[in-house]
file final-v5.txt (compact mmCIF, C-alpha atoms (C1' of nucleotides))
# COMPACT_ATOMS: atom_id res chain seq x y z
CA MET A 1 114.51 19.27 47.41
CA SER A 2 112.31 22.27 47.29
CA ARG A 3 109.46 21.02 45.14
CA SER A 4 106.71 19.43 47.22
CA SER A 5 105.48 16.40 45.42
CA LYS A 6 105.66 16.93 41.69
CA ALA A 7 108.64 16.44 39.48
CA LYS A 8 107.33 18.85 36.87
CA VAL A 9 109.79 21.58 36.06
CA ASP A 10 107.73 23.99 34.07
CA ASP A 11 104.20 24.52 32.88
CA LEU A 12 104.09 22.02 30.09
CA PRO A 13 101.43 19.62 31.29
CA GLU A 14 102.28 16.42 29.46
CA GLY A 15 105.34 14.92 27.90
CA LEU A 16 106.70 17.89 25.99
CA ASP A 17 110.40 18.16 25.49
CA GLU A 18 111.36 21.03 27.71
CA SER A 19 114.76 21.39 26.10
CA MET A 20 112.98 22.52 22.96
CA PRO A 21 112.37 26.26 22.88
CA LEU A 22 108.75 27.23 23.19
CA THR A 23 109.01 29.33 20.08
CA GLU A 24 110.56 26.65 17.88
CA GLU A 25 107.85 26.93 15.25
CA LEU A 26 107.85 30.71 15.22
CA GLU A 27 111.61 30.84 14.86
CA GLY A 28 111.15 29.44 11.39
CA PHE A 29 109.49 32.64 10.25
CA LEU A 30 111.42 35.52 8.79
CA GLY A 31 108.74 37.94 9.98
CA TYR A 32 109.06 36.72 13.54
CA ARG A 33 112.84 36.99 13.55
CA LEU A 34 112.69 40.41 11.96
CA ARG A 35 110.21 41.61 14.57
CA ARG A 36 112.30 40.31 17.46
CA ALA A 37 115.50 41.83 16.08
CA ASN A 38 113.77 45.14 15.50
CA ALA A 39 112.24 45.11 18.98
CA ALA A 40 115.66 44.51 20.52
CA MET A 41 117.26 47.32 18.57
CA HIS A 42 114.34 49.63 19.25
CA ARG A 43 114.57 49.03 22.98
CA HIS A 44 118.29 49.66 22.89
CA PHE A 45 117.79 52.86 20.92
CA ILE A 46 115.24 54.20 23.39
CA ALA A 47 117.59 53.44 26.26
CA ALA A 48 120.49 55.10 24.44
CA VAL A 49 118.67 58.41 24.05
CA ALA A 50 116.53 58.14 27.19
CA ASP A 51 117.89 61.36 28.66
CA LEU A 52 117.04 63.20 25.43
CA GLY A 53 113.45 61.98 25.39
CA LEU A 54 113.41 60.95 21.76
CA THR A 55 111.83 58.01 19.99
CA GLN A 56 113.24 56.42 16.85
CA LYS A 57 110.68 58.19 14.72
CA GLN A 58 111.16 61.55 16.34
CA ALA A 59 114.90 61.26 15.90
CA ALA A 60 114.43 60.24 12.28
CA VAL A 61 112.27 63.30 11.63
CA LEU A 62 114.82 65.64 13.21
CA TRP A 63 117.56 63.96 11.22
CA LEU A 64 115.62 64.28 7.99
CA ILE A 65 114.83 67.95 8.52
CA ASN A 66 118.43 68.66 9.41
CA SER A 67 119.57 67.09 6.14
CA ASN A 68 116.75 68.70 4.17
CA PRO A 69 115.88 72.06 5.70
CA GLY A 70 112.53 73.37 4.51
CA ILE A 71 111.18 69.95 3.63
CA ALA A 72 107.41 69.77 3.64
CA GLN A 73 105.54 67.49 5.99
CA VAL A 74 104.21 65.34 3.22
CA SER A 75 107.70 64.88 1.77
CA ALA A 76 108.97 63.87 5.17
CA ALA A 77 106.10 61.42 5.51
CA ASP A 78 106.84 59.86 2.13
CA ALA A 79 110.55 59.66 2.80
CA LEU A 80 110.03 57.90 6.12
CA GLY A 81 107.17 55.71 5.00
CA MET A 82 104.59 57.23 7.31
CA ASP A 83 101.14 58.61 6.54
CA ARG A 84 100.22 62.28 6.92
CA ALA A 85 98.26 61.89 10.13
CA THR A 86 101.07 60.09 11.92
CA THR A 87 103.60 62.61 10.67
CA MET A 88 101.41 65.42 11.94
CA ALA A 89 101.37 63.92 15.43
CA ILE A 90 105.15 63.58 15.47
CA VAL A 91 105.79 67.05 14.08
CA ASP A 92 103.28 68.50 16.54
CA ARG A 93 105.18 66.97 19.44
CA LEU A 94 108.53 68.22 18.21
CA ASP A 95 106.98 71.61 17.55
CA GLU A 96 105.56 71.83 21.08
CA ARG A 97 109.00 71.04 22.44
CA GLY A 98 110.45 73.88 20.39
CA LEU A 99 112.72 71.60 18.39
CA LEU A 100 111.40 72.67 15.00
CA VAL A 101 109.31 75.39 13.38
CA ARG A 102 106.74 75.32 10.60
CA ARG A 103 106.87 78.11 8.04
CA GLN A 104 104.35 78.51 5.27
CA SER A 105 105.93 78.01 1.88
CA SER A 106 105.73 81.05 -0.37
CA ALA A 107 105.87 78.91 -3.49
CA ASP A 108 102.99 76.66 -2.42
CA ARG A 109 100.91 78.03 0.38
CA ARG A 110 99.49 74.61 1.17
CA ARG A 111 102.89 73.53 2.34
CA GLN A 112 104.56 74.02 5.67
CA GLU A 113 108.32 74.12 5.43
CA LEU A 114 110.03 72.48 8.38
CA TYR A 115 113.20 73.80 9.97
CA LEU A 116 115.10 72.81 13.08
CA THR A 117 115.40 75.45 15.77
CA PRO A 118 118.78 75.95 17.44
CA ALA A 119 117.43 73.82 20.27
CA GLY A 120 116.52 71.13 17.78
CA GLN A 121 119.96 71.25 16.22
CA LYS A 122 121.58 71.02 19.61
CA LEU A 123 119.46 68.06 20.64
CA LEU A 124 120.13 66.31 17.36
CA ARG A 125 123.86 66.79 17.83
CA LYS A 126 123.64 65.03 21.19
CA ALA A 127 121.46 62.33 19.71
CA LYS A 128 123.98 61.68 16.94
CA ALA A 129 126.65 60.76 19.45
CA ARG A 130 124.34 58.36 21.28
CA VAL A 131 123.08 56.82 18.06
CA ALA A 132 126.62 56.28 16.78
CA LYS A 133 127.44 54.20 19.85
CA HIS A 134 124.14 52.39 19.66
CA GLU A 135 124.70 51.50 16.02
CA GLU A 136 128.26 50.41 16.67
CA ARG A 137 127.06 47.97 19.31
CA PHE A 138 124.96 46.17 16.73
CA THR A 139 126.95 46.55 13.55
CA SER A 140 130.06 45.26 15.32
CA GLN A 141 128.44 41.83 15.30
CA PHE A 142 129.28 41.58 11.61
CA THR A 143 132.10 41.90 9.14
CA ALA A 144 131.98 44.65 6.54
CA SER A 145 130.83 42.30 3.81
CA GLU A 146 128.23 40.68 6.04
CA LEU A 147 126.93 44.11 6.88
CA GLU A 148 126.79 45.02 3.24
CA PHE A 149 124.69 41.96 2.52
CA LEU A 150 122.47 42.62 5.53
CA PHE A 151 121.80 46.21 4.46
CA GLU A 152 120.87 45.10 0.98
CA ALA A 153 118.68 42.28 2.30
CA LEU A 154 116.77 44.70 4.51
CA ARG A 155 116.31 47.05 1.58
CA LYS A 156 114.93 44.21 -0.49
CA LEU A 157 112.46 43.31 2.24
CA ARG A 158 111.32 46.92 2.50
CA ASP A 159 110.71 47.07 -1.24
CA VAL A 160 108.69 43.88 -1.56
CA THR A 161 105.43 44.88 -3.15
CA MET B 1 103.90 75.40 -18.86
CA SER B 2 102.00 75.01 -15.67
CA ARG B 3 104.44 76.40 -13.18
CA SER B 4 104.01 80.11 -12.73
CA SER B 5 107.36 81.77 -12.27
CA LYS B 6 109.69 79.54 -10.30
CA ALA B 7 111.86 76.79 -11.68
CA LYS B 8 111.99 75.01 -8.34
CA VAL B 9 110.94 71.41 -8.64
CA ASP B 10 110.49 70.38 -5.03
CA ASP B 11 110.67 71.78 -1.57
CA LEU B 12 114.40 71.94 -1.16
CA PRO B 13 115.00 75.65 -0.85
CA GLU B 14 118.61 76.04 -1.94
CA GLY B 15 121.06 74.11 -4.03
CA LEU B 16 120.41 70.61 -2.76
CA ASP B 17 120.89 67.77 -5.14
CA GLU B 18 117.41 66.54 -5.73
CA SER B 19 118.61 63.28 -7.23
CA MET B 20 119.88 62.38 -3.78
CA PRO B 21 117.30 60.60 -1.68
CA LEU B 22 116.09 62.62 1.25
CA THR B 23 116.94 59.81 3.61
CA GLU B 24 120.48 59.31 2.43
CA GLU B 25 121.96 59.79 5.88
CA LEU B 26 119.41 57.61 7.59
CA GLU B 27 119.96 54.82 5.10
CA GLY B 28 123.38 54.38 6.61
CA PHE B 29 121.88 53.13 9.85
CA LEU B 30 121.17 49.49 10.48
CA GLY B 31 118.41 50.44 12.92
CA TYR B 32 116.67 52.52 10.29
CA ARG B 33 116.85 49.82 7.65
CA LEU B 34 115.68 47.23 10.12
CA ARG B 35 112.73 49.39 11.12
CA ARG B 36 111.69 50.02 7.52
CA ALA B 37 111.99 46.35 6.59
CA ASN B 38 109.99 45.34 9.64
CA ALA B 39 107.33 47.96 8.95
CA ALA B 40 106.95 46.68 5.39
CA MET B 41 106.63 43.09 6.48
CA HIS B 42 104.28 44.03 9.32
CA ARG B 43 101.98 45.90 6.96
CA HIS B 44 101.99 42.98 4.56
CA PHE B 45 101.20 40.57 7.40
CA ILE B 46 98.24 42.62 8.59
CA ALA B 47 96.88 42.75 5.05
CA ALA B 48 97.38 39.01 4.62
CA VAL B 49 95.25 38.16 7.64
CA ALA B 50 92.93 41.18 7.46
CA ASP B 51 89.80 39.05 7.17
CA LEU B 52 90.83 37.10 10.27
CA GLY B 53 91.34 40.21 12.37
CA LEU B 54 94.69 39.22 13.80
CA THR B 55 97.81 41.19 14.53
CA GLN B 56 101.32 39.75 14.41
CA LYS B 57 101.43 39.51 18.17
CA GLN B 58 98.01 37.96 18.50
CA ALA B 59 98.88 35.38 15.87
CA ALA B 60 102.17 34.67 17.63
CA VAL B 61 100.36 34.08 20.93
CA LEU B 62 97.86 31.71 19.32
CA TRP B 63 100.71 29.93 17.59
CA LEU B 64 102.66 29.61 20.81
CA ILE B 65 99.71 28.26 22.78
CA ASN B 66 98.93 25.80 20.01
CA SER B 67 102.47 24.48 20.16
CA ASN B 68 102.55 24.56 23.95
CA PRO B 69 99.09 23.90 25.32
CA GLY B 70 98.74 24.88 28.96
CA ILE B 71 101.58 27.40 28.84
CA ALA B 72 101.33 30.08 31.51
CA GLN B 73 100.98 33.74 30.60
CA VAL B 74 104.33 34.64 32.04
CA SER B 75 106.05 31.88 30.06
CA ALA B 76 104.37 33.12 26.91
CA ALA B 77 105.49 36.65 27.70
CA ASP B 78 109.09 35.53 28.21
CA ALA B 79 109.09 33.41 25.07
CA LEU B 80 107.81 36.26 22.94
CA GLY B 81 109.84 39.00 24.61
CA MET B 82 106.87 40.91 25.98
CA ASP B 83 106.17 42.11 29.49
CA ARG B 84 103.34 40.78 31.63
CA ALA B 85 101.05 43.77 31.22
CA THR B 86 101.23 43.71 27.44
CA THR B 87 100.68 39.98 27.38
CA MET B 88 97.63 40.41 29.61
CA ALA B 89 96.08 42.84 27.16
CA ILE B 90 96.66 40.51 24.23
CA VAL B 91 95.39 37.42 26.05
CA ASP B 92 92.37 39.39 27.27
CA ARG B 93 91.49 40.29 23.71
CA LEU B 94 91.86 36.72 22.45
CA ASP B 95 89.89 35.51 25.47
CA GLU B 96 87.03 37.93 24.76
CA ARG B 97 86.91 36.66 21.21
CA GLY B 98 86.62 33.12 22.50
CA LEU B 99 89.85 32.00 20.85
CA LEU B 100 91.48 30.76 24.04
CA VAL B 101 90.61 29.88 27.62
CA ARG B 102 92.43 30.43 30.90
CA ARG B 103 92.43 27.60 33.40
CA GLN B 104 93.92 27.87 36.83
CA SER B 105 96.88 25.55 37.21
CA SER B 106 96.42 22.93 39.90
CA ALA B 107 100.16 22.67 40.41
CA ASP B 108 100.64 26.41 40.95
CA ARG B 109 97.49 28.32 41.66
CA ARG B 110 99.11 31.59 40.72
CA ARG B 111 99.28 30.41 37.14
CA GLN B 112 96.68 30.47 34.45
CA GLU B 113 97.15 27.74 31.89
CA LEU B 114 96.29 28.86 28.38
CA TYR B 115 94.55 26.63 25.86
CA LEU B 116 93.13 27.30 22.42
CA THR B 117 89.42 26.76 22.01
CA PRO B 118 88.19 24.90 18.90
CA ALA B 119 87.44 28.35 17.45
CA GLY B 120 90.99 29.41 18.19
CA GLN B 121 92.38 26.29 16.55
CA LYS B 122 90.23 26.84 13.51
CA LEU B 123 91.27 30.46 13.18
CA LEU B 124 94.90 29.55 13.60
CA ARG B 125 94.60 26.96 10.85
CA LYS B 126 93.33 29.63 8.48
CA ALA B 127 96.03 32.02 9.61
CA LYS B 128 98.72 29.45 8.92
CA ALA B 129 97.77 29.30 5.26
CA ARG B 130 97.85 33.08 4.92
CA VAL B 131 101.12 33.37 6.79
CA ALA B 132 102.75 30.72 4.64
CA LYS B 133 102.01 32.75 1.51
CA HIS B 134 103.05 35.95 3.21
CA GLU B 135 106.36 34.45 4.27
CA GLU B 136 106.97 32.97 0.85
CA ARG B 137 106.60 36.39 -0.73
CA PHE B 138 109.48 37.70 1.32
CA THR B 139 111.74 34.69 1.68
CA SER B 140 111.62 34.12 -2.08
CA GLN B 141 113.80 37.21 -2.42
CA PHE B 142 116.74 35.13 -1.25
CA THR B 143 118.60 31.92 -1.89
CA ALA B 144 118.64 29.23 0.78
CA SER B 145 122.09 30.14 1.97
CA GLU B 146 121.30 33.84 1.98
CA LEU B 147 118.24 33.11 4.04
CA GLU B 148 120.28 31.05 6.44
CA PHE B 149 122.66 33.91 6.96
CA LEU B 150 119.81 36.38 7.33
CA PHE B 151 118.09 34.28 9.98
CA GLU B 152 121.29 33.99 11.93
CA ALA B 153 122.02 37.70 11.58
CA LEU B 154 118.60 38.60 12.94
CA ARG B 155 119.08 36.23 15.84
CA LYS B 156 122.39 37.89 16.63
CA LEU B 157 120.76 41.31 16.62
CA ARG B 158 118.02 40.11 18.94
CA ASP B 159 120.57 38.75 21.38
CA VAL B 160 122.80 41.81 21.57
CA THR B 161 122.97 42.70 25.24
C1' DT C 1 90.30 80.40 -18.89
C1' DC C 2 87.29 77.87 -15.96
C1' DC C 3 86.24 73.93 -13.26
C1' DA C 4 86.91 69.30 -11.52
C1' DA C 5 90.43 66.56 -9.49
C1' DT C 6 94.26 66.42 -6.68
C1' DT C 7 97.24 67.76 -2.94
C1' DA C 8 98.83 69.51 1.88
C1' DG C 9 97.66 70.24 6.16
C1' DT C 10 94.63 69.68 9.91
C1' DA C 11 91.30 67.57 13.30
C1' DT C 12 89.24 63.57 15.48
C1' DG C 13 88.72 59.01 16.85
C1' DC C 14 90.00 54.20 17.47
C1' DA C 15 92.99 50.20 18.18
C1' DA C 16 97.35 48.14 19.39
C1' DC C 17 101.61 48.08 22.11
C1' DA C 18 105.09 49.10 25.49
C1' DC C 19 106.01 50.23 29.82
C1' DA C 20 105.49 51.79 34.71
C1' DT C 21 103.34 51.18 39.05
C1' DA C 22 100.81 49.01 42.46
C1' DC C 23 98.17 45.44 44.60
C1' DT C 24 96.73 40.46 45.86
C1' DA C 25 97.40 35.67 46.14
C1' DT C 26 100.60 32.15 46.05
C1' DT C 27 104.91 29.81 46.27
C1' DC C 28 109.87 29.54 47.19
C1' DG C 29 114.08 29.55 49.81
C1' DT C 30 116.50 29.65 53.89
C1' DA D 1 107.91 29.94 59.61
C1' DC D 2 108.69 34.02 57.36
C1' DG D 3 110.61 37.26 54.09
C1' DA D 4 111.52 37.31 49.13
C1' DA D 5 110.12 36.34 44.75
C1' DT D 6 106.56 35.16 41.34
C1' DA D 7 101.96 35.28 38.51
C1' DG D 8 98.23 37.58 37.48
C1' DT D 9 95.62 41.63 37.53
C1' DA D 10 94.24 46.66 37.28
C1' DT D 11 95.22 51.25 35.90
C1' DG D 12 97.28 54.91 33.47
C1' DT D 13 100.39 57.20 30.06
C1' DG D 14 102.70 57.80 25.70
C1' DT D 15 103.60 56.51 20.91
C1' DT D 16 102.33 54.92 16.66
C1' DG D 17 99.23 53.53 12.62
C1' DC D 18 95.37 54.21 10.21
C1' DA D 19 90.63 55.75 8.73
C1' DT D 20 87.68 59.57 7.85
C1' DA D 21 86.47 64.12 6.96
C1' DC D 22 87.15 68.90 6.18
C1' DT D 23 89.46 73.35 4.33
C1' DA D 24 92.55 75.84 1.48
C1' DA D 25 95.43 75.83 -2.38
C1' DT D 26 97.11 74.15 -6.64
C1' DT D 27 97.03 71.65 -10.93
C1' DG D 28 95.48 69.81 -15.30
C1' DG D 29 92.47 69.33 -19.01
C1' DA D 30 88.41 70.64 -21.78
call {"tool": "encode", "arguments": {"input": "final-v5.txt", "output": "structure tokens"}}
result
Amino acid sequence: MSRSSKAKVDDLPEGLDESMPLTEELEGFLGYRLRRANAAMHRHFIAAVADLGLTQKQAAVLWLINSNPGIAQVSAADALGMDRATTMAIVDRLDERGLLVRRQSSADRRRQELYLTPAGQKLLRKAKARVAKHEERFTSQFTASELEFLFEALRKLRDVT
Amino acid sequence: MSRSSKAKVDDLPEGLDESMPLTEELEGFLGYRLRRANAAMHRHFIAAVADLGLTQKQAAVLWLINSNPGIAQVSAADALGMDRATTMAIVDRLDERGLLVRRQSSADRRRQELYLTPAGQKLLRKAKARVAKHEERFTSQFTASELEFLFEALRKLRDVT
DNA sequence: TCCAATTAGTATGCAACACATACTATTCGT
DNA sequence: ACGAATAGTATGTGTTGCATACTAATTGGA
């Protein structure tokens, strides 16, 4: 017996059922579950691309520019659901690292067209391999039809007004 | 006609199908959809409790302490999937606002037992009403069985190793 | 055609989190 | 009894989100 004099096992002072999870109430909330699931996947993502030094957002921006070369910052912001200021910060960082370039649009001189540099394309190619494995790890928890429902459910949640 | 000389409608320089969403590739990723859904629900949560000045995490900590009076910081951190340093910052903030108190545990003097103050209990009571409406807005998108599957799916994602 | 409203980018500042590291006090395990 | 582990704390860095404000450019309507 290692405990000195008390039989208490944890830090619940009085008569609480310690077999009951501490978060029992919170588990009943969709928002809580969504946050925990997202946090887990986010952590795993960061770990998966740790050697590339990319965050989810940064990777998403590279991905978006690669699919839409010349996209303007504001279009990227809208597409990814971010505001202009946040997008600026992310694009600045990627710009400093030489992963993309800004080029003033000739059609609308307010706009900066975004393009990946060769370095950016190379990094993205590496990221794609890591992300594929990362995704597989999570999507493999489900059948194809379950996944289809899950995707649609998440889209619905995003679009709630 | 307001456009000067070009027929271009957006910022896609050459022959891209503009009916195709810019994020088409990204939409194929579970992590991306999860992040967007979580961001939407997070924003809605913040708006729902804006007058109470609470974040999701802060509300979760209050909730957890209310359900488990005397819980130690480290237990709260574990339960909510946060590290000690982050938990410290959150508890500090709630402490400064007079919503909770720390009390040194007599059983283990390393531990600080956390308790809600009357002010904390009152605030939490208000928050509960707001959160109930907030949750309803999102859960009402689904049937009971769909919701059951969704909850379980999110739990699976959280527990992926 | 001219002017007000809007838009894109930028700059600055603040708050919240996550995480790393390091240190002290305390308790645990052998 | 003593080394290992634990809880709390302090400090610092990086990322993100958002508000505000400003400039330059474009648009739309009178």
call {"tool": "closest_residue", "arguments": {"input": "final-v5.txt", "among": "A:Leu100, A:Met88, A:Ala37, A:Ile46", "to": "chain B", "atoms": "all atoms listed in the file"}}
result
A:Ala37
call {"tool": "atom_distance", "arguments": {"input": "final-v5.txt", "atom1": "atom CA of A:Gly53", "atom2": "atom CA of A:Tyr115"}}
result
19.4 Å
call {"tool": "atom_distance", "arguments": {"input": "final-v5.txt", "atom1": "atom CA of A:Ala47", "atom2": "atom CA of A:Ala129"}}
result
13.5 Å
call {"tool": "atom_distance", "arguments": {"input": "final-v5.txt", "atom1": "atom CA of B:Thr139", "atom2": "atom CA of B:His42"}}
result
14.2 Å
call {"tool": "interface_residues", "arguments": {"input": "final-v5.txt", "of": "chain C", "to": "chain A", "cutoff": "10 Å", "atoms": "all atoms listed in the file", "output": "PyMOL selection string"}}
result
chain C and resi 7-11+18+27-29
call {"tool": "closest_atom_pairs", "arguments": {"input": "final-v5.txt", "of": "chain D", "to": "chain B", "cutoff": "12 Å", "atoms": "all atoms listed in the file", "output": "JSON lines"}}
result
{"residue": "D:DT6", "atom": "C1'", "partner": "B:Arg110", "partner_atom": "CA", "distance": 8.3}
{"residue": "D:DA7", "atom": "C1'", "partner": "B:Arg110", "partner_atom": "CA", "distance": 5.2}
{"residue": "D:DG8", "atom": "C1'", "partner": "B:Arg110", "partner_atom": "CA", "distance": 6.9}
{"residue": "D:DT9", "atom": "C1'", "partner": "B:Met88", "partner_atom": "CA", "distance": 8.3}
{"residue": "D:DA10", "atom": "C1'", "partner": "B:Ala85", "partner_atom": "CA", "distance": 9.6}
{"residue": "D:DT11", "atom": "C1'", "partner": "B:Ala85", "partner_atom": "CA", "distance": 10.6}
{"residue": "D:DG12", "atom": "C1'", "partner": "B:Ala85", "partner_atom": "CA", "distance": 12.0}
{"residue": "D:DT16", "atom": "C1'", "partner": "B:Ala39", "partner_atom": "CA", "distance": 11.5}
{"residue": "D:DG17", "atom": "C1'", "partner": "B:Arg43", "partner_atom": "CA", "distance": 9.9}
{"residue": "D:DC18", "atom": "C1'", "partner": "B:Arg43", "partner_atom": "CA", "distance": 11.1}
{"residue": "D:DT26", "atom": "C1'", "partner": "B:Arg3", "partner_atom": "CA", "distance": 10.1}
{"residue": "D:DT27", "atom": "C1'", "partner": "B:Ser2", "partner_atom": "CA", "distance": 7.6}
{"residue": "D:DG28", "atom": "C1'", "partner": "B:Ser2", "partner_atom": "CA", "distance": 8.3}
{"residue": "D:DG29", "atom": "C1'", "partner": "B:Ser2", "partner_atom": "CA", "distance": 11.6}
call {"tool": "interface_residues", "arguments": {"input": "final-v5.txt", "of": "chain B", "to": "chain A", "cutoff": "8 Å", "atoms": "all atoms listed in the file", "output": "CSV table (one decimal) with C-alpha atoms, in the coordinates of the input"}}
result
chain,number,residue,atom,x,y,z
B,6,LYS,CA,109.7,79.5,-10.3
B,11,ASP,CA,110.7,71.8,-1.6
B,12,LEU,CA,114.4,71.9,-1.2
B,13,PRO,CA,115.0,75.6,-0.8
B,22,LEU,CA,116.1,62.6,1.2
B,23,THR,CA,116.9,59.8,3.6
B,25,GLU,CA,122.0,59.8,5.9
B,26,LEU,CA,119.4,57.6,7.6
B,29,PHE,CA,121.9,53.1,9.8
B,30,LEU,CA,121.2,49.5,10.5
B,31,GLY,CA,118.4,50.4,12.9
B,33,ARG,CA,116.8,49.8,7.6
B,34,LEU,CA,115.7,47.2,10.1
B,35,ARG,CA,112.7,49.4,11.1
B,36,ARG,CA,111.7,50.0,7.5
B,37,ALA,CA,112.0,46.4,6.6
B,38,ASN,CA,110.0,45.3,9.6
B,39,ALA,CA,107.3,48.0,9.0
B,40,ALA,CA,107.0,46.7,5.4
B,41,MET,CA,106.6,43.1,6.5
B,42,HIS,CA,104.3,44.0,9.3
B,60,ALA,CA,102.2,34.7,17.6
B,63,TRP,CA,100.7,29.9,17.6
B,64,LEU,CA,102.7,29.6,20.8
B,67,SER,CA,102.5,24.5,20.2
B,68,ASN,CA,102.6,24.6,24.0
B,69,PRO,CA,99.1,23.9,25.3
B,70,GLY,CA,98.7,24.9,29.0
B,71,ILE,CA,101.6,27.4,28.8
B,72,ALA,CA,101.3,30.1,31.5
B,79,ALA,CA,109.1,33.4,25.1
B,80,LEU,CA,107.8,36.3,22.9
B,81,GLY,CA,109.8,39.0,24.6
B,113,GLU,CA,97.2,27.7,31.9
B,135,GLU,CA,106.4,34.4,4.3
B,137,ARG,CA,106.6,36.4,-0.7
B,138,PHE,CA,109.5,37.7,1.3
B,139,THR,CA,111.7,34.7,1.7
B,141,GLN,CA,113.8,37.2,-2.4
B,150,LEU,CA,119.8,36.4,7.3
B,151,PHE,CA,118.1,34.3,10.0
B,153,ALA,CA,122.0,37.7,11.6
B,154,LEU,CA,118.6,38.6,12.9
B,155,ARG,CA,119.1,36.2,15.8
B,156,LYS,CA,122.4,37.9,16.6
B,157,LEU,CA,120.8,41.3,16.6
B,158,ARG,CA,118.0,40.1,18.9
B,159,ASP,CA,120.6,38.8,21.4
B,160,VAL,CA,122.8,41.8,21.6
call {"tool": "decode", "arguments": {"input": "final-v5.txt", "residues": "stretch 132-144 of chain A", "atoms": "N, CA, C and O atoms", "output": "PDB file, in the first residue's frame"}}
result
ATOM      1  N   ALA A 132      -1.700  12.842 -47.632  1.00  0.00           N
ATOM      2  CA  ALA A 132      -2.434  11.656 -48.087  1.00  0.00           C
ATOM      3  C   ALA A 132      -2.406  10.574 -47.009  1.00  0.00           C
ATOM      4  O   ALA A 132      -3.440   9.961 -46.704  1.00  0.00           O
ATOM      5  N   LYS A 133      -1.236  10.364 -46.432  1.00  0.00           N
ATOM      6  CA  LYS A 133      -1.131   9.353 -45.364  1.00  0.00           C
ATOM      7  C   LYS A 133      -1.932   9.766 -44.138  1.00  0.00           C
ATOM      8  O   LYS A 133      -2.614   8.959 -43.513  1.00  0.00           O
ATOM      9  N   HIS A 134      -1.786  11.018 -43.810  1.00  0.00           N
ATOM     10  CA  HIS A 134      -2.511  11.576 -42.656  1.00  0.00           C
ATOM     11  C   HIS A 134      -4.012  11.386 -42.822  1.00  0.00           C
ATOM     12  O   HIS A 134      -4.704  10.905 -41.907  1.00  0.00           O
ATOM     13  N   GLU A 135      -4.515  11.734 -43.975  1.00  0.00           N
ATOM     14  CA  GLU A 135      -5.946  11.595 -44.249  1.00  0.00           C
ATOM     15  C   GLU A 135      -6.383  10.135 -44.172  1.00  0.00           C
ATOM     16  O   GLU A 135      -7.409   9.814 -43.574  1.00  0.00           O
ATOM     17  N   GLU A 136      -5.569   9.284 -44.769  1.00  0.00           N
ATOM     18  CA  GLU A 136      -5.885   7.852 -44.800  1.00  0.00           C
ATOM     19  C   GLU A 136      -6.057   7.297 -43.394  1.00  0.00           C
ATOM     20  O   GLU A 136      -6.957   6.500 -43.127  1.00  0.00           O
ATOM     21  N   ARG A 137      -5.192   7.749 -42.497  1.00  0.00           N
ATOM     22  CA  ARG A 137      -5.236   7.292 -41.111  1.00  0.00           C
ATOM     23  C   ARG A 137      -6.608   7.553 -40.485  1.00  0.00           C
ATOM     24  O   ARG A 137      -7.107   6.753 -39.701  1.00  0.00           O
ATOM     25  N   PHE A 138      -7.211   8.663 -40.853  1.00  0.00           N
ATOM     26  CA  PHE A 138      -8.488   9.030 -40.250  1.00  0.00           C
ATOM     27  C   PHE A 138      -9.674   8.505 -41.045  1.00  0.00           C
ATOM     28  O   PHE A 138     -10.642   8.005 -40.472  1.00  0.00           O
ATOM     29  N   THR A 139      -9.587   8.630 -42.361  1.00  0.00           N
ATOM     30  CA  THR A 139     -10.733   8.196 -43.166  1.00  0.00           C
ATOM     31  C   THR A 139     -10.905   6.678 -43.114  1.00  0.00           C
ATOM     32  O   THR A 139     -12.007   6.174 -43.309  1.00  0.00           O
ATOM     33  N   SER A 140      -9.819   5.961 -42.802  1.00  0.00           N
ATOM     34  CA  SER A 140      -9.905   4.505 -42.765  1.00  0.00           C
ATOM     35  C   SER A 140     -10.733   4.010 -41.581  1.00  0.00           C
ATOM     36  O   SER A 140     -10.996   2.817 -41.460  1.00  0.00           O
ATOM     37  N   GLN A 141     -11.141   4.930 -40.723  1.00  0.00           N
ATOM     38  CA  GLN A 141     -12.011   4.545 -39.608  1.00  0.00           C
ATOM     39  C   GLN A 141     -13.438   4.283 -40.071  1.00  0.00           C
ATOM     40  O   GLN A 141     -14.261   3.806 -39.287  1.00  0.00           O
ATOM     41  N   PHE A 142     -13.711   4.623 -41.345  1.00  0.00           N
ATOM     42  CA  PHE A 142     -15.097   4.585 -41.812  1.00  0.00           C
ATOM     43  C   PHE A 142     -15.238   3.834 -43.131  1.00  0.00           C
ATOM     44  O   PHE A 142     -14.282   3.712 -43.890  1.00  0.00           O
ATOM     45  N   THR A 143     -16.454   3.385 -43.389  1.00  0.00           N
ATOM     46  CA  THR A 143     -16.767   2.818 -44.693  1.00  0.00           C
ATOM     47  C   THR A 143     -16.999   3.964 -45.667  1.00  0.00           C
ATOM     48  O   THR A 143     -17.131   5.125 -45.255  1.00  0.00           O
ATOM     49  N   ALA A 144     -17.075   3.635 -46.929  1.00  0.00           N
ATOM     50  CA  ALA A 144     -17.264   4.661 -47.954  1.00  0.00           C
ATOM     51  C   ALA A 144     -18.570   5.417 -47.743  1.00  0.00           C
ATOM     52  O   ALA A 144     -18.616   6.647 -47.851  1.00  0.00           O
TER      53      ALA A 144
END
